[in-house]
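Chemist: Here it is: the structure, laid out below.
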Number of protein chains: 2
Amino acid sequence: VSEILVACAQLAPRIGELEHNSELVAAAIRDAGAAGADLVVLPELASSGYVFASVEEARSLARPADGPLLAGWAEAARTAGVLAVVGFAELGEGREVFDSAALLDGSGVLAVYRKTHLWDREKLFFAAGDEPPPVVETRLGRIGVLICYDLEFAENVRGLALRGAELLAAPANWPAVPRPRGERPPEVVNAMAQARANRVFVAVADRAGEERGQAWTGASTIVDQLGWPLAEATGEGEATISARVDLALAREKRWTEHADVLADRRPELYADLADTKHLLGKITR
Amino acid sequence: VSEILVACAQLAPRIGELEHNSELVAAAIRDAGAAGADLVVLPELASSGYVFASVEEARSLARPADGPLLAGWAEAARTAGVLAVVGFAELGEGREVFDSAALLDGSGVLAVYRKTHLWDREKLFFAAGDEPPPVVETRLGRIGVLICYDLEFAENVRGLALRGAELLAAPANWPAVPRPRGERPPEVVNAMAQARANRVFVAVADRAGEERGQAWTGASTIVDQLGWPLAEATGEGEATISARVDLALAREKRWTEHADVLADRRPELYADLADTKHLLGKITR
């Protein structure tokens, strides 16, 4: 059976309270399992909070991917019988700080992704990842992992679809922005468009609440492979949304006998999108 | 002054009636000028209709770009004092048929673009263009031209933004598709996302009515550079929508001091999007 229950836990971690947040995440993983979820997505930087005052503060809250923080969450995932995608502040080998996400289950950490598209002041506190977002073959299906602003770069999202992702799991911290009355948050509109353009499912876990004067949108969303929201949080604070999805549907890329979202690309016309100098280096090496 | 009035004329051409359709387009151009528009966008294949029975039928309705069809529209544009973007069936030098769009004004034809992403059964009747969509420096600003399904390929749209387009003019024939109650047509959601992702204006002229059993969505839309619709037709048949837009706003690509929709791309991570074999050919040549 390819139908699974996907949940997004929209939490309100507290900046600086690593222990509290670590347990908040573990509890959300356990709760998701108890509610029957197969996969649970949690917010970006759920371990640390987001609005840092300095690099030093960010670093003091960052932890290595192979340490007890993620081991604890994997243990919670084992108990709950779920896969989880969680955002955390990662301490790198050279003491750099990364805005990372881990995909983990009861067997441990399956993948760690370091955000490649840093938003705004994140550039002051984080090093950017140098590897494209991963697609992981899991027992549930092929899951792509990316983080918040990464989703705004269609080039990035397309790469995940081309590499076979069926569902994109995206921890996020969407800062509240003004929008016309009656409209969805622009990031949700984008998630809908990305899902449809690639015929993949998208599950975004947003932040709840406010932190050091920064309000979050609180618009966690699960979108189907045709681009329609299956479940949406609407800014009401902490919330868990969930939806039953059939990942096999994301393997069908055809709209009709003659139209296919991937095969209809014209890659020979997209050369200006990639860094050809970089490519030249690869070719001549 | 960079503020201009953009109009989209959602017409209902009649398949096979080239002369009727040619005059319908010319009249829409004149009407747009009379209403004060600076730029008017018209539907895809406005000259010919869309639902062809055979290649022969399509070819019989196709006309060269340098012939009287476009000259007549340029004359209408001269009278009206407007720029126009019009979709037409183009007869190529080798008698191929292209699904093309012309950008023209009183001085004549400024650019002809041949659709590169053919939708569904278009592949049975048309040859695909081999040149990326153009960005034309006009007296109003830099206008990118693309056609219908082209807009669904974010790679393609990004290329236009990278080459400086401020407004994307897209003739379209959006076939009616089911959607959840209360939702916009998915193509409009996509246009909103593309506009915001690139901070460009998007003006789509859709078809009205029905042709050989094919109903059209009739959802012509003008979207601002933040992704919000300024004007929308809502399936009511023939209609003209318009909006006043300040193209200078599309030159600002920054969200904040530290965030920029183009500069924040990571082109060195997008190599899998472009055809590298093609690129290798270019490099070693």
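Residue numbering restarts at 1 in every chain; chains get A, B, ... in the order shown in the structure tokens, and ligands count up from 1 in that same order.
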Write out as a list in words each polymer residue whose atoms come within 7 Å of segment 165-168 of chain B, counting only C-alpha atoms; drop sequence neighbours fewer than 5 positions from it.
Modeler: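 Contacts, in chain order: Val135, Gly141, Arg142, Ile143, Gly144, Val145, Leu160, Val200, Phe201, Val202, Ala203, Leu247, Ala250 and Arg251 of chain B.
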Chemist: As number ranges by chain, which residues of segment 24-110 of chain A does DSSP assign to strand (DSSP E)?
Modeler: A: 39-41, 83-91, 97-105, 108-110
Chemist: Within 6 Å of chain A, which residues of chain B are there when counting only C-alpha atoms? Please give them as a ChimeraX atom specification.
Modeler: /B:119-120,132,190,193,258-259,267-271,274-275
Chemist: When you look at Glu23 of chain B with a cut-off of 10 Å (counting only C-alpha atoms), what residues show up, excluding the ones that are within fewer than 6 positions of it in the same chain? I need them as a PDB file with all heavy atoms, in the first residue's frame.
Modeler:
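In the end it all went to around_17.pdb:
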```pdb
ATOM      1  N   PRO B  13     -11.988  33.714 -30.981  1.00  0.00           N
ATOM      2  CA  PRO B  13     -11.844  33.542 -32.436  1.00  0.00           C
ATOM      3  C   PRO B  13     -12.607  32.310 -32.906  1.00  0.00           C
ATOM      4  O   PRO B  13     -12.961  31.445 -32.106  1.00  0.00           O
ATOM      5  CB  PRO B  13     -10.331  33.361 -32.612  1.00  0.00           C
ATOM      6  CG  PRO B  13      -9.786  32.982 -31.281  1.00  0.00           C
ATOM      7  CD  PRO B  13     -10.729  33.536 -30.262  1.00  0.00           C
ATOM      8  N   ILE B  29      -7.151  45.468 -30.821  1.00  0.00           N
ATOM      9  CA  ILE B  29      -5.981  46.358 -30.686  1.00  0.00           C
ATOM     10  C   ILE B  29      -6.450  47.813 -30.731  1.00  0.00           C
ATOM     11  O   ILE B  29      -6.052  48.639 -29.889  1.00  0.00           O
ATOM     12  CB  ILE B  29      -4.944  46.070 -31.804  1.00  0.00           C
ATOM     13  CG1 ILE B  29      -4.308  44.689 -31.598  1.00  0.00           C
ATOM     14  CG2 ILE B  29      -3.886  47.165 -31.856  1.00  0.00           C
ATOM     15  CD1 ILE B  29      -3.409  44.235 -32.747  1.00  0.00           C
ATOM     16  N   SER B  47      -5.407  33.963 -34.557  1.00  0.00           N
ATOM     17  CA  SER B  47      -5.694  34.061 -35.995  1.00  0.00           C
ATOM     18  C   SER B  47      -6.443  32.864 -36.538  1.00  0.00           C
ATOM     19  O   SER B  47      -7.191  32.970 -37.504  1.00  0.00           O
ATOM     20  CB  SER B  47      -4.380  34.201 -36.777  1.00  0.00           C
ATOM     21  OG  SER B  47      -3.564  33.056 -36.568  1.00  0.00           O
ATOM     22  N   LEU B  69      -0.760  39.426 -42.684  1.00  0.00           N
ATOM     23  CA  LEU B  69      -1.502  39.228 -41.428  1.00  0.00           C
ATOM     24  C   LEU B  69      -0.929  40.119 -40.324  1.00  0.00           C
ATOM     25  O   LEU B  69      -1.645  40.928 -39.719  1.00  0.00           O
ATOM     26  CB  LEU B  69      -1.446  37.757 -41.000  1.00  0.00           C
ATOM     27  CG  LEU B  69      -2.221  37.417 -39.716  1.00  0.00           C
ATOM     28  CD1 LEU B  69      -3.730  37.447 -39.952  1.00  0.00           C
ATOM     29  CD2 LEU B  69      -1.805  36.043 -39.169  1.00  0.00           C
ATOM     30  N   GLY B  72      -1.033  43.893 -40.999  1.00  0.00           N
ATOM     31  CA  GLY B  72      -2.339  44.487 -40.691  1.00  0.00           C
ATOM     32  C   GLY B  72      -2.467  44.811 -39.210  1.00  0.00           C
ATOM     33  O   GLY B  72      -2.986  45.872 -38.826  1.00  0.00           O
ATOM     34  N   TRP B  73      -1.998  43.905 -38.366  1.00  0.00           N
ATOM     35  CA  TRP B  73      -2.072  44.154 -36.926  1.00  0.00           C
ATOM     36  C   TRP B  73      -1.136  45.296 -36.518  1.00  0.00           C
ATOM     37  O   TRP B  73      -1.466  46.081 -35.629  1.00  0.00           O
ATOM     38  CB  TRP B  73      -1.724  42.880 -36.147  1.00  0.00           C
ATOM     39  CG  TRP B  73      -2.723  41.774 -36.323  1.00  0.00           C
ATOM     40  CD1 TRP B  73      -4.022  41.900 -36.759  1.00  0.00           C
ATOM     41  CD2 TRP B  73      -2.516  40.382 -36.077  1.00  0.00           C
ATOM     42  NE1 TRP B  73      -4.628  40.668 -36.791  1.00  0.00           N
ATOM     43  CE2 TRP B  73      -3.739  39.712 -36.371  1.00  0.00           C
ATOM     44  CE3 TRP B  73      -1.441  39.620 -35.636  1.00  0.00           C
ATOM     45  CZ2 TRP B  73      -3.886  38.331 -36.233  1.00  0.00           C
ATOM     46  CZ3 TRP B  73      -1.592  38.242 -35.493  1.00  0.00           C
ATOM     47  CH2 TRP B  73      -2.796  37.601 -35.789  1.00  0.00           C
ATOM     48  N   ALA B  76      -2.867  48.400 -37.213  1.00  0.00           N
ATOM     49  CA  ALA B  76      -3.846  48.684 -36.147  1.00  0.00           C
ATOM     50  C   ALA B  76      -3.127  49.225 -34.910  1.00  0.00           C
ATOM     51  O   ALA B  76      -3.616  50.159 -34.248  1.00  0.00           O
ATOM     52  CB  ALA B  76      -4.629  47.423 -35.798  1.00  0.00           C
TER      53      ALA B  76
END
```
